[in-house]
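Structure below is upload-v7.cif: mmCIF, C-alpha atoms.
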data_structure
loop_
_atom_site.label_atom_id
_atom_site.label_comp_id
_atom_site.auth_asym_id
_atom_site.auth_seq_id
_atom_site.Cartn_x
_atom_site.Cartn_y
_atom_site.Cartn_z
CA MET T 110 144.61 76.16 42.83
CA THR T 111 144.59 76.56 46.62
CA THR T 112 147.80 75.66 48.42
CA ARG T 113 148.02 74.44 51.97
CA ARG T 114 149.44 77.75 53.12
CA ASP T 115 146.63 79.59 51.33
CA LEU T 116 144.13 77.32 53.06
CA LEU T 117 145.55 77.98 56.49
CA LYS T 118 145.79 81.72 55.81
CA TRP T 119 142.04 81.71 55.12
CA VAL T 120 141.18 80.14 58.48
CA PRO T 121 141.06 83.41 60.47
CA ALA T 122 138.72 84.90 57.87
CA GLY T 123 136.59 81.77 58.04
CA ALA T 124 136.52 81.91 61.82
CA ALA T 125 135.39 85.52 61.66
CA LEU T 126 132.54 84.53 59.40
CA LEU T 127 131.37 82.00 61.94
CA THR T 128 131.11 84.60 64.67
CA ALA T 129 130.13 87.75 62.78
CA GLY T 130 126.49 86.90 62.23
CA CYS T 131 124.66 85.80 59.08
CA THR T 132 125.09 88.88 56.92
CA GLY T 133 125.88 86.93 53.75
CA GLU T 134 128.84 89.27 53.22
CA SER T 135 132.54 88.46 53.08
CA PRO T 136 135.26 90.24 55.07
CA ALA T 137 136.66 93.11 53.05
CA GLY T 138 139.20 91.94 50.53
CA SER T 139 138.81 88.25 51.37
CA GLY T 140 137.13 87.26 48.11
CA LYS T 141 135.30 84.53 50.04
CA ALA T 142 131.61 83.92 50.51
CA ALA T 143 130.14 83.81 54.00
CA ALA T 144 130.39 80.04 54.29
CA GLY T 145 129.51 80.01 57.99
CA CYS T 146 126.20 81.80 57.62
CA ASP T 147 122.95 80.02 56.88
CA ASP T 148 121.33 83.08 55.32
CA THR T 149 118.69 82.94 52.64
CA ALA T 150 120.80 84.62 49.95
CA LEU T 151 123.70 82.18 50.36
CA ARG T 152 121.40 79.17 50.38
CA ALA T 153 119.81 80.42 47.16
CA ARG T 154 123.23 80.76 45.51
CA LEU T 155 124.25 77.29 46.62
CA ARG T 156 121.02 75.80 45.33
CA GLU T 157 121.43 77.53 41.99
CA ALA T 158 125.01 76.24 41.73
CA ARG T 159 124.05 72.62 42.38
CA LEU T 160 121.21 72.69 39.88
CA GLN T 161 123.47 73.51 36.93
CA PRO T 162 124.13 70.60 34.52
CA VAL T 163 127.64 69.16 34.57
CA LEU T 164 127.99 67.08 31.41
CA ARG T 165 129.20 69.29 28.55
CA ARG T 166 126.54 68.43 26.04
CA GLU T 167 127.91 70.95 23.53
CA LEU T 168 130.72 68.44 22.88
CA LEU T 169 128.18 65.78 21.91
CA PRO T 170 126.24 66.71 18.76
CA ASP T 171 124.89 63.22 18.02
CA PRO T 172 122.65 60.96 20.15
CA ILE T 173 124.34 58.14 22.07
CA VAL T 174 121.55 55.70 22.89
CA ILE T 175 122.29 53.30 25.74
CA ASP T 176 121.42 49.80 24.58
CA LYS T 177 122.52 47.76 27.58
CA VAL T 178 124.01 48.16 31.06
CA GLU T 179 125.41 44.88 32.43
CA MET T 180 127.09 43.52 35.56
CA LEU T 181 129.94 41.10 34.82
CA ARG T 182 132.54 39.33 36.93
CA ARG T 183 135.61 37.14 36.87
CA ASP T 184 137.89 35.86 39.62
CA GLY T 185 136.07 37.93 42.23
CA GLU T 186 136.39 41.16 40.23
CA TYR T 187 133.24 43.04 39.18
CA PHE T 188 132.69 45.23 36.11
CA VAL T 189 129.91 47.31 34.63
CA ARG T 190 129.67 47.49 30.85
CA ALA T 191 127.54 50.11 29.11
CA THR T 192 126.99 49.59 25.38
CA CYS T 193 125.34 51.96 22.93
CA THR T 194 123.20 50.95 19.96
CA GLU T 195 126.21 51.43 17.67
CA GLY T 196 128.15 48.74 19.55
CA VAL T 197 130.66 50.96 21.40
CA SER T 198 131.19 49.90 25.03
CA GLY T 199 132.34 51.76 28.12
CA TRP T 200 133.68 50.05 31.21
CA ALA T 201 133.80 50.70 34.93
CA MET T 202 135.40 48.53 37.55
CA ALA T 203 133.72 48.04 40.91
CA ASN T 204 135.09 47.49 44.41
CA PRO T 205 135.15 43.69 44.90
CA GLY T 206 134.82 44.07 48.65
CA ARG T 207 131.38 45.72 48.47
CA MET T 208 129.82 44.85 45.14
CA PRO T 209 128.87 41.24 46.02
CA ALA T 210 126.40 42.56 48.58
CA ALA T 211 125.13 45.52 46.57
CA PHE T 212 125.16 44.29 42.96
CA PRO T 213 121.46 43.34 42.55
CA ILE T 214 120.55 47.01 42.90
CA LEU T 215 122.26 47.90 39.64
CA PRO T 216 120.79 45.27 37.27
CA VAL T 217 117.36 45.21 38.93
CA ARG T 218 116.67 48.84 39.84
CA ILE T 219 118.99 51.02 37.76
CA ALA T 220 119.96 49.37 34.45
CA PRO T 221 116.37 48.95 33.13
CA TYR T 222 115.75 52.67 33.65
CA LEU T 223 118.93 53.69 31.78
CA GLU T 224 118.54 51.40 28.79
CA GLY T 225 117.03 53.08 25.75
CA LYS T 226 117.93 56.57 26.99
CA ASP T 227 120.24 59.11 25.34
CA ALA T 228 123.52 59.14 27.31
CA ARG T 229 123.83 62.87 26.61
CA ASP T 230 121.06 63.33 29.19
CA LEU T 231 123.25 61.79 31.91
CA ASP T 232 122.65 64.61 34.43
CA ALA T 233 118.92 64.04 34.24
CA LEU T 234 119.33 60.26 34.17
CA VAL T 235 121.28 60.24 37.43
CA ASP T 236 118.51 62.27 39.09
CA GLY T 237 115.78 60.25 37.41
CA ALA T 238 117.18 56.93 38.62
CA PHE T 239 116.63 58.16 42.18
CA VAL T 240 112.87 58.63 41.79
CA HIS T 241 112.19 55.91 39.19
CA GLY T 242 110.22 53.02 40.67
CA SER T 243 110.37 54.62 44.15
CA ASN T 244 114.15 54.09 44.22
CA TYR T 245 114.36 56.96 46.71
CA LYS T 246 113.32 54.38 49.30
CA TRP T 247 116.75 52.78 48.70
CA GLN T 248 118.57 56.05 49.50
CA GLY T 249 122.06 55.49 50.84
CA LEU T 250 125.50 54.21 49.95
CA PRO T 251 124.52 50.87 48.34
CA PHE T 252 122.10 52.61 45.97
CA TRP T 253 124.29 55.57 45.07
CA SER T 254 127.40 53.39 44.70
CA SER T 255 125.49 51.36 42.13
CA VAL T 256 124.42 54.52 40.30
CA ALA T 257 128.04 55.67 40.34
CA ARG T 258 129.34 52.52 38.69
CA ALA T 259 126.71 52.79 35.96
CA GLU T 260 127.53 56.48 35.48
CA LEU T 261 131.26 55.76 35.18
CA ALA T 262 130.67 53.11 32.52
CA ILE T 263 128.41 55.51 30.61
CA LEU T 264 130.99 58.33 30.86
CA ASP T 265 133.60 55.93 29.48
CA LEU T 266 131.17 55.03 26.69
CA ILE T 267 130.45 58.70 25.89
CA GLY T 268 134.15 59.47 25.85
CA LYS T 269 134.98 56.62 23.52
CA ARG T 270 132.04 57.38 21.24
CA SER T 271 132.89 61.11 21.04
CA GLY T 272 136.69 60.91 21.23
CA GLN T 273 136.76 62.97 24.45
CA PRO T 274 138.55 62.19 27.73
CA ALA T 275 136.25 61.93 30.73
CA HIS T 276 137.63 65.07 32.36
CA ALA T 277 136.69 67.13 29.29
CA LEU T 278 133.11 65.90 29.58
CA ILE T 279 132.70 67.07 33.19
CA GLY T 280 134.29 70.48 32.98
CA GLY T 281 137.68 70.49 31.33
CA LYS T 282 141.22 70.01 32.58
CA VAL T 283 142.74 72.82 34.63
CA ARG T 284 145.93 70.87 35.55
CA ASP T 285 147.92 68.18 33.76
CA SER T 286 148.70 66.16 36.87
CA VAL T 287 147.26 65.68 40.34
CA GLY T 288 149.34 65.67 43.53
CA VAL T 289 148.60 62.92 46.03
CA TYR T 290 148.57 62.37 49.75
CA TYR T 291 149.38 58.79 50.69
CA ALA T 292 146.69 57.42 53.01
CA ASN T 293 147.16 54.67 55.59
CA GLY T 294 144.08 53.05 57.09
CA ASP T 295 145.64 51.11 59.97
CA ARG T 296 144.31 51.37 63.51
CA GLU T 297 145.61 48.08 64.90
CA HIS T 298 149.37 48.64 64.99
CA SER T 299 151.51 50.89 67.13
CA ALA T 300 152.21 54.53 66.46
CA GLU T 301 155.77 53.59 65.47
CA TRP T 302 154.50 51.04 62.93
CA VAL T 303 152.19 53.58 61.27
CA VAL T 304 154.96 56.16 60.96
CA ASP T 305 157.36 53.62 59.46
CA LYS T 306 154.70 52.37 57.04
CA LEU T 307 153.91 55.87 55.82
CA ARG T 308 157.59 56.72 55.50
CA ALA T 309 158.02 53.70 53.19
CA SER T 310 154.91 54.63 51.18
CA VAL T 311 156.18 58.18 50.75
CA ALA T 312 159.54 56.91 49.54
CA GLU T 313 157.87 54.65 46.97
CA SER T 314 155.33 57.15 45.63
CA GLY T 315 157.11 60.44 46.11
CA ALA T 316 154.07 61.82 47.94
CA ARG T 317 154.59 65.05 49.83
CA ALA T 318 151.51 64.63 52.01
CA VAL T 319 150.08 61.83 54.16
CA LYS T 320 146.92 60.92 56.04
CA PHE T 321 146.49 58.47 58.90
CA LYS T 322 143.70 57.21 61.14
CA LEU T 323 142.74 58.33 64.62
CA GLY T 324 140.33 56.83 67.16
CA ALA T 325 138.83 53.34 67.01
CA ARG T 326 136.36 53.99 64.11
CA MET T 327 133.01 55.35 65.28
CA ARG T 328 134.14 54.91 68.88
CA MET T 329 137.07 55.68 71.14
CA THR T 330 138.80 53.69 73.83
CA ASP T 331 141.46 54.55 76.39
CA ALA T 332 143.99 52.66 74.27
CA SER T 333 143.04 54.39 71.02
CA THR T 334 143.16 57.84 72.62
CA ALA T 335 146.57 57.14 74.15
CA ARG T 336 147.81 56.03 70.72
CA ASP T 337 146.38 59.18 69.12
CA LEU T 338 148.07 61.48 71.63
CA LYS T 339 151.38 59.76 70.88
CA LEU T 340 150.95 59.52 67.12
CA ILE T 341 150.04 63.13 66.36
CA PRO T 342 153.35 64.67 67.53
CA MET T 343 155.39 61.66 66.41
CA MET T 344 154.13 61.93 62.84
CA ARG T 345 155.33 65.53 62.58
CA GLU T 346 158.62 64.87 64.36
CA GLN T 347 159.46 61.86 62.18
CA LEU T 348 158.25 63.12 58.79
CA GLY T 349 159.55 66.65 59.12
CA SER T 350 158.23 70.18 58.85
CA ASP T 351 157.77 70.11 55.05
CA MET T 352 155.39 67.13 55.03
CA VAL T 353 151.69 68.02 54.79
CA ILE T 354 149.83 65.86 57.32
CA TYR T 355 146.11 65.10 57.58
CA ALA T 356 144.30 62.87 60.06
CA ASP T 357 140.94 61.07 59.89
CA ALA T 358 138.96 60.08 62.99
CA ASN T 359 136.13 58.33 61.11
CA GLY T 360 133.62 59.68 63.63
CA SER T 361 135.42 58.32 66.69
CA TYR T 362 135.18 61.22 69.14
CA ASP T 363 132.65 63.15 71.14
CA VAL T 364 132.78 66.92 70.76
CA GLU T 365 134.95 67.55 73.82
CA THR T 366 137.60 64.99 72.82
CA ALA T 367 137.52 66.08 69.18
CA ILE T 368 138.30 69.66 70.19
CA ARG T 369 141.14 68.45 72.43
CA ILE T 370 142.59 66.37 69.60
CA GLY T 371 142.07 69.17 67.09
CA ARG T 372 143.99 71.64 69.23
CA LEU T 373 146.87 69.19 69.51
CA MET T 374 146.84 68.90 65.72
CA GLU T 375 146.99 72.70 65.54
CA ASP T 376 150.15 72.66 67.65
CA TYR T 377 151.79 70.39 65.09
CA ASP T 378 150.62 72.27 61.99
CA TYR T 379 148.22 69.69 60.53
CA GLY T 380 146.40 70.38 57.27
CA PHE T 381 142.88 69.14 58.07
CA PHE T 382 140.92 67.07 60.58
CA GLU T 383 138.50 64.63 58.91
CA GLU T 384 135.24 63.43 60.49
CA PRO T 385 136.05 64.35 64.09
CA VAL T 386 132.62 63.21 65.34
CA GLN T 387 130.07 60.78 63.97
CA PHE T 388 129.47 61.63 60.31
CA ASP T 389 125.74 62.35 60.65
CA TYR T 390 126.15 64.55 63.74
CA LEU T 391 126.12 67.71 61.66
CA GLU T 392 125.55 70.21 64.45
CA GLU T 393 128.28 68.60 66.56
CA THR T 394 130.64 68.73 63.58
CA ARG T 395 129.98 72.46 63.36
CA GLN T 396 130.77 72.85 67.06
CA VAL T 397 134.19 71.30 66.49
CA ALA T 398 134.79 73.44 63.39
CA ASP T 399 133.91 76.56 65.40
CA ALA T 400 136.37 75.67 68.16
CA ILE T 401 139.55 74.91 66.19
CA SER T 402 141.50 76.79 63.55
CA ILE T 403 142.54 73.94 61.27
CA PRO T 404 139.92 73.01 58.66
CA VAL T 405 137.39 70.32 59.53
CA ALA T 406 136.72 68.03 56.56
CA GLY T 407 133.74 65.77 56.05
CA GLY T 408 131.18 64.21 53.76
CA GLU T 409 132.60 60.77 52.99
CA GLN T 410 129.41 58.97 54.03
CA GLU T 411 127.01 61.62 52.77
CA SER T 412 124.48 60.75 50.07
CA SER T 413 122.30 63.90 50.17
CA LEU T 414 122.93 67.05 48.13
CA TRP T 415 120.69 68.95 50.55
CA ARG T 416 122.81 67.97 53.57
CA PHE T 417 125.97 69.03 51.74
CA GLU T 418 124.24 72.36 51.13
CA TRP T 419 123.50 72.62 54.86
CA MET T 420 127.08 71.76 55.85
CA ILE T 421 128.50 74.35 53.48
CA ALA T 422 126.01 77.10 54.37
CA ASN T 423 126.41 76.54 58.10
CA GLY T 424 130.19 76.24 58.18
CA ALA T 425 130.11 72.69 59.56
CA VAL T 426 133.07 71.85 57.31
CA ARG T 427 135.70 73.92 55.55
CA ILE T 428 136.62 71.10 53.17
CA VAL T 429 133.88 69.00 51.58
CA GLN T 430 134.68 65.36 50.84
CA PRO T 431 132.03 63.59 48.77
CA ASP T 432 133.10 60.04 48.00
CA LEU T 433 133.04 59.77 44.23
CA ILE T 434 131.39 56.34 44.45
CA TYR T 435 129.32 56.44 47.66
CA PHE T 436 127.82 59.78 46.65
CA GLY T 437 126.68 58.63 43.23
CA GLY T 438 129.43 59.46 40.77
CA LEU T 439 131.34 62.33 39.22
CA LEU T 440 128.37 64.44 38.13
CA ARG T 441 126.76 64.66 41.58
CA SER T 442 130.18 65.28 43.15
CA MET T 443 130.77 68.13 40.69
CA ARG T 444 127.57 69.71 41.99
CA VAL T 445 129.04 69.66 45.49
CA ALA T 446 132.19 71.25 44.08
CA ALA T 447 130.06 73.99 42.54
CA MET T 448 128.42 74.75 45.89
CA ALA T 449 131.78 74.76 47.64
CA ARG T 450 133.20 77.13 45.03
CA GLU T 451 130.24 79.47 45.50
CA ALA T 452 130.95 79.53 49.25
CA GLY T 453 134.70 79.98 48.83
CA ILE T 454 135.79 76.63 50.27
CA ASP T 455 137.61 73.61 48.85
CA ILE T 456 136.61 70.11 47.84
CA VAL T 457 138.95 67.14 48.36
CA PRO T 458 137.03 64.03 47.23
CA HIS T 459 137.20 60.76 49.11
CA ILE T 460 137.84 57.56 47.15
CA SER T 461 138.44 53.87 47.80
CA PRO T 462 141.69 52.42 46.45
CA ARG T 463 139.90 49.48 44.84
CA GLY T 464 137.90 49.59 41.63
CA MET T 465 140.17 52.08 39.81
CA GLY T 466 139.52 54.73 42.47
CA ALA T 467 142.70 56.74 41.81
CA LEU T 468 141.94 56.88 38.07
CA TYR T 469 138.43 58.24 38.55
CA MET T 470 139.67 60.69 41.19
CA THR T 471 142.34 62.02 38.81
CA HIS T 472 139.85 62.78 36.03
CA PHE T 473 137.63 64.50 38.60
CA ALA T 474 140.28 66.47 40.49
CA CYS T 475 142.07 67.73 37.38
CA ALA T 476 138.86 69.59 36.44
CA LEU T 477 138.47 71.30 39.84
CA GLU T 478 139.31 74.93 40.40
CA ASN T 479 138.69 74.79 44.15
CA THR T 480 140.79 71.97 45.50
CA THR T 481 144.06 71.54 47.40
CA ASP T 482 147.37 70.30 46.04
CA PHE T 483 146.86 66.75 47.33
CA GLN T 484 144.29 64.03 46.65
CA GLU T 485 143.78 60.64 48.31
CA TYR T 486 145.97 57.76 47.09
CA LYS T 487 146.75 54.28 48.40
CA GLY T 488 148.78 52.88 45.54
CA ASP T 489 147.88 50.57 42.64
CA THR T 490 145.83 47.96 44.50
CA ASP T 491 143.73 46.50 41.67
CA ARG T 492 144.78 43.08 40.37
CA VAL T 493 143.19 43.14 36.92
CA PRO T 494 145.42 43.50 33.83
CA TYR T 495 145.13 46.89 32.13
CA GLU T 496 147.30 49.67 30.75
CA ILE T 497 147.09 53.40 30.24
CA SER T 498 146.04 53.66 26.60
CA GLY T 499 149.01 53.39 24.27
CA THR T 500 151.68 53.22 26.99
CA GLY T 501 151.88 49.69 28.35
CA GLU T 502 152.08 51.24 31.83
CA ARG T 503 149.81 50.94 34.84
CA PHE T 504 148.34 53.97 36.61
CA LYS T 505 150.72 54.89 39.45
CA ALA T 506 151.96 58.00 41.18
CA VAL T 507 155.41 59.17 40.08
CA ASP T 508 157.23 61.80 42.14
CA GLY T 509 154.06 62.34 44.14
CA ARG T 510 151.80 63.02 41.18
CA LEU T 511 149.36 61.20 38.92
CA ALA T 512 149.45 62.21 35.27
CA VAL T 513 146.01 62.88 33.79
CA PRO T 514 145.16 60.44 30.95
CA ASP T 515 143.99 62.22 27.81
CA ALA T 516 142.84 59.25 25.70
CA PRO T 517 139.06 58.91 25.12
CA GLY T 518 136.96 57.87 28.09
CA PHE T 519 138.98 57.20 31.21
CA GLY T 520 142.09 56.59 29.15
CA ILE T 521 142.84 52.98 30.02
CA GLU T 522 142.37 49.66 28.26
CA PHE T 523 141.64 46.42 30.08
CA ASP T 524 143.32 43.32 28.71
CA PRO T 525 140.98 41.90 26.01
CA GLY T 526 141.77 38.34 27.04
CA PHE T 527 140.74 39.09 30.60
CA LEU T 528 137.52 40.78 29.50
CA ALA T 529 136.70 37.81 27.27
CA GLY T 530 136.49 35.65 30.38
CA LEU T 531 133.92 37.84 32.16
CA GLU T 532 130.55 36.26 32.85
CA PRO T 533 127.17 37.88 33.62
CA VAL T 534 126.33 38.11 37.31
CA PRO T 535 123.17 36.07 37.89
CA VAL T 536 120.36 38.04 39.55
#

With the file now loaded, output its structure as structure tokens.
Amino acid sequence: MTTRRDLLKWVPAGAALLTAGCTGESPAGSGKAAAGCDDTALRARLREARLQPVLRRELLPDPIVIDKVEMLRRDGEYFVRATCTEGVSGWAMANPGRMPAAFPILPVRIAPYLEGKDARDLDALVDGAFVHGSNYKWQGLPFWSSVARAELAILDLIGKRSGQPAHALIGGKVRDSVGVYYANGDREHSAEWVVDKLRASVAESGARAVKFKLGARMRMTDASTARDLKLIPMMREQLGSDMVIYADANGSYDVETAIRIGRLMEDYDYGFFEEPVQFDYLEETRQVADAISIPVAGGEQESSLWRFEWMIANGAVRIVQPDLIYFGGLLRSMRVAAMAREAGIDIVPHISPRGMGALYMTHFACALENTTDFQEYKGDTDRVPYEISGTGERFKAVDGRLAVPDAPGFGIEFDPGFLAGLEPVPV
């Protein structure tokens, strides 16, 4: 597992790779691939890595035929239920803020393709859903988020049918708990308010790392830049030298300003700089990464495996951040992790707090060899009644860590009375 200090120690080696030419070789003794070089050999290795199946089919000797994939809702909360022909059901919860606009994609364009298929072929099914019925024309976050929710329900189904926890199905647990960084998404309040809010969140969760927002979200103003220049040193001064601090610009800056902000973050020992310029400005992102020593992170809005390959091969980011939902689920995100591992860089997935985001992230991150000590967390924000299987407890960080559930599927049980009141979403 890569620590923050390890990550920062690697930066000089990474910087050398970016300037040494595309030899495809690592500095002597570094043990790292030439992540900054878009050479043919590296691209071939990355492509081979992302083509490997993720689901551990050797754990699944018997067919699990998907009978039905349904969208259900109650009290503004949305669920996906996947049921096999033997009557076992898996569940996934969806983000209620986005699903009302995107939900027809799942029952109309995805569910009919999945029904009748063997769930053990989930890797191929995720890829097949993209081309089935010209679904590639729907490429983007609404489509892949819908695929992700179906995939999560099917993974829960497979786990319950086979007696395996989800993390075992996608690679196997390499850690029993996952450390968290507490993320704050506010851009409207003062620098002082943000620091106080994060201090309170840290006290409640025990987190030893934090992330806050910079810029004005996909734009910058004089006021937002003044706030940023105040907030960056204040965060370090108020939270202390032992706190790991990340910052996310959500594509707010131009290259010149991003480099200026990044160098200020260097002065205050920040851990990474997320989306310094607009997310689809890949060349400009690389320019920022070339100019600063702290790792540039990105990929939250990305929906293309090929573009992740480009970012990794060209050194545009030193931390890849596929969103586990936006990008299409855990299997596709594991393929990004495989490419990152091949190139010697880390993956720190992005996740929304709603729709059981922290739970899905924990199953994913506990199976990663190439990640940092801290994963995104915003507390227990879902309102539905559930418990970690057999405990009566909800899924929350304790002393800055999330324990990995080991019960079948995702290891939680929704209240049966609540589920009984779910109704089909009319299409």

- request: For the file shown, report as a ChimeraX atom specification the outcome of the PyMOL selection byres ((chain T and resi 185-196) around 8) at residue level.
  value: /T:173-184,197-205,208,258-259,262-263,266,493

query: Using all atoms listed in the file, which residue out of T:Arg369, T:Arg328, T:Arg416, T:Arg308 lies closest to T:Pro431?
result: T:Arg416

task: List the residues selected by the PyMOL selection byres ((chain T and resi 477) around 10) in the file shown, writing them as a PyMOL selection string.
output: chain T and resi 110+276+279-284+443+446-447+450+455-457+472-476+478-481

task: List the residues selected by the PyMOL selection byres ((chain T and resi 438) around 10) in the file shown, writing them as a list in words.
output: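 Written out, the selection comes to Val235, Trp253, Ser254, Ser255, Val256, Ala257, Arg258, Ala259, Glu260, Leu261, Pro431, Asp432, Leu433, Ile434, Tyr435, Phe436, Gly437, Leu439, Leu440, Arg441, Ser442, Met443, Tyr469 and Phe473 of chain T.
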
- request: Work out how far atom CA of T:Val534 is from atom CA of T:Gly488, in Å to one decimal.
  value: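 Separation of atom CA of T:Gly488 and atom CA of T:Val534: 28.1 Å.
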
- prompt: Between T:Ala452, T:Ile370, T:Asp148, T:Ala210, which one has atoms that come closest to T:Pro251, using all atoms listed in the file?
  reply: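 Of the candidates, the smallest distance to T:Pro251 is held by T:Ala210.
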
Nearest to T:His459 by atom-to-atom distance, counting only C-alpha atoms, from T:Glu496, T:Glu167, T:Asp357, T:Glu346: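 Nearest to T:His459: T:Asp357.
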
Any chance you could work out the axis-aligned box around stretch 270-286 of chain T, listed atoms only, 8 Å on each side, giving centre and edge lengths in Å to one decimal, as lines of an AutoDock Vina configuration file?
center_x = 140.4
center_y = 65.1
center_z = 29.0
size_x = 32.7
size_y = 31.4
size_z = 31.8

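Interatomic distance, atom CA of T:Leu307 against atom CA of T:Ala512: 22.0 Å.
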
query: Any idea what the distance is between atom CA of T:Gly466 and atom CA of T:Glu297?
result: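 According to the coordinates, atom CA of T:Gly466 and atom CA of T:Glu297 are separated by 24.2 Å.
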
- prompt: So which residues touch T:Arg510 within 10 Å, counting all atoms listed in the file, skipping near sequence neighbours fewer than 3 positions away, as a list of chain:residue names?
  reply: T:Asp285, T:Ser286, T:Val287, T:Gly288, T:Val289, T:Tyr290, T:Ser314, T:Gly315, T:Ala316, T:Arg317, T:Thr471, T:Asp482, T:Phe483, T:Gln484, T:Tyr486, T:Lys505, T:Ala506, T:Val507, T:Val513

Once you count all atoms listed in the file, what closest atom pair and distance in Å to one decimal does each residue of stretch 337-426 of chain T within 10 Å of stretch 318-326 of chain T have, with rows by chain and rising residue number, as a tab-separated table?
residue	atom	partner	partner_atom	distance
T:Asp337	CA	T:Leu323	CA	5.8
T:Leu338	CA	T:Leu323	CA	9.4
T:Leu340	CA	T:Leu323	CA	8.7
T:Ile341	CA	T:Leu323	CA	8.9
T:Met344	CA	T:Phe321	CA	9.3
T:Leu348	CA	T:Val319	CA	9.5
T:Asp351	CA	T:Ala318	CA	8.9
T:Met352	CA	T:Ala318	CA	5.5
T:Val353	CA	T:Ala318	CA	4.4
T:Ile354	CA	T:Val319	CA	5.1
T:Tyr355	CA	T:Lys320	CA	4.5
T:Ala356	CA	T:Phe321	CA	5.0
T:Asp357	CA	T:Lys322	CA	4.9
T:Ala358	CA	T:Leu323	CA	4.5
T:Asn359	CA	T:Arg326	CA	5.3
T:Gly360	CA	T:Arg326	CA	6.3
T:Ser361	CA	T:Arg326	CA	5.1
T:Tyr362	CA	T:Gly324	CA	7.1
T:Ala367	CA	T:Gly324	CA	9.9
T:Ile370	CA	T:Leu323	CA	9.5
T:Tyr379	CA	T:Lys320	CA	9.9
T:Gly380	CA	T:Ala318	CA	9.3
T:Phe381	CA	T:Lys320	CA	9.4
T:Phe382	CA	T:Lys320	CA	9.7
T:Glu383	CA	T:Lys322	CA	9.3
T:Glu384	CA	T:Leu323	CA	10.0
T:Pro385	CA	T:Leu323	CA	9.0
T:Gln387	CA	T:Arg326	CA	9.3

message: Considering all atoms listed in the file, can you say which of T:Asn293, T:Met343, T:Leu468, T:Asp515 comes closest to T:Arg503?
response: T:Leu468

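Checking T:Gly206, T:Pro535, T:Pro517, T:Gly530 one by one against T:Pro274, counting all atoms listed in the file, you find the shortest gap at T:Pro517.
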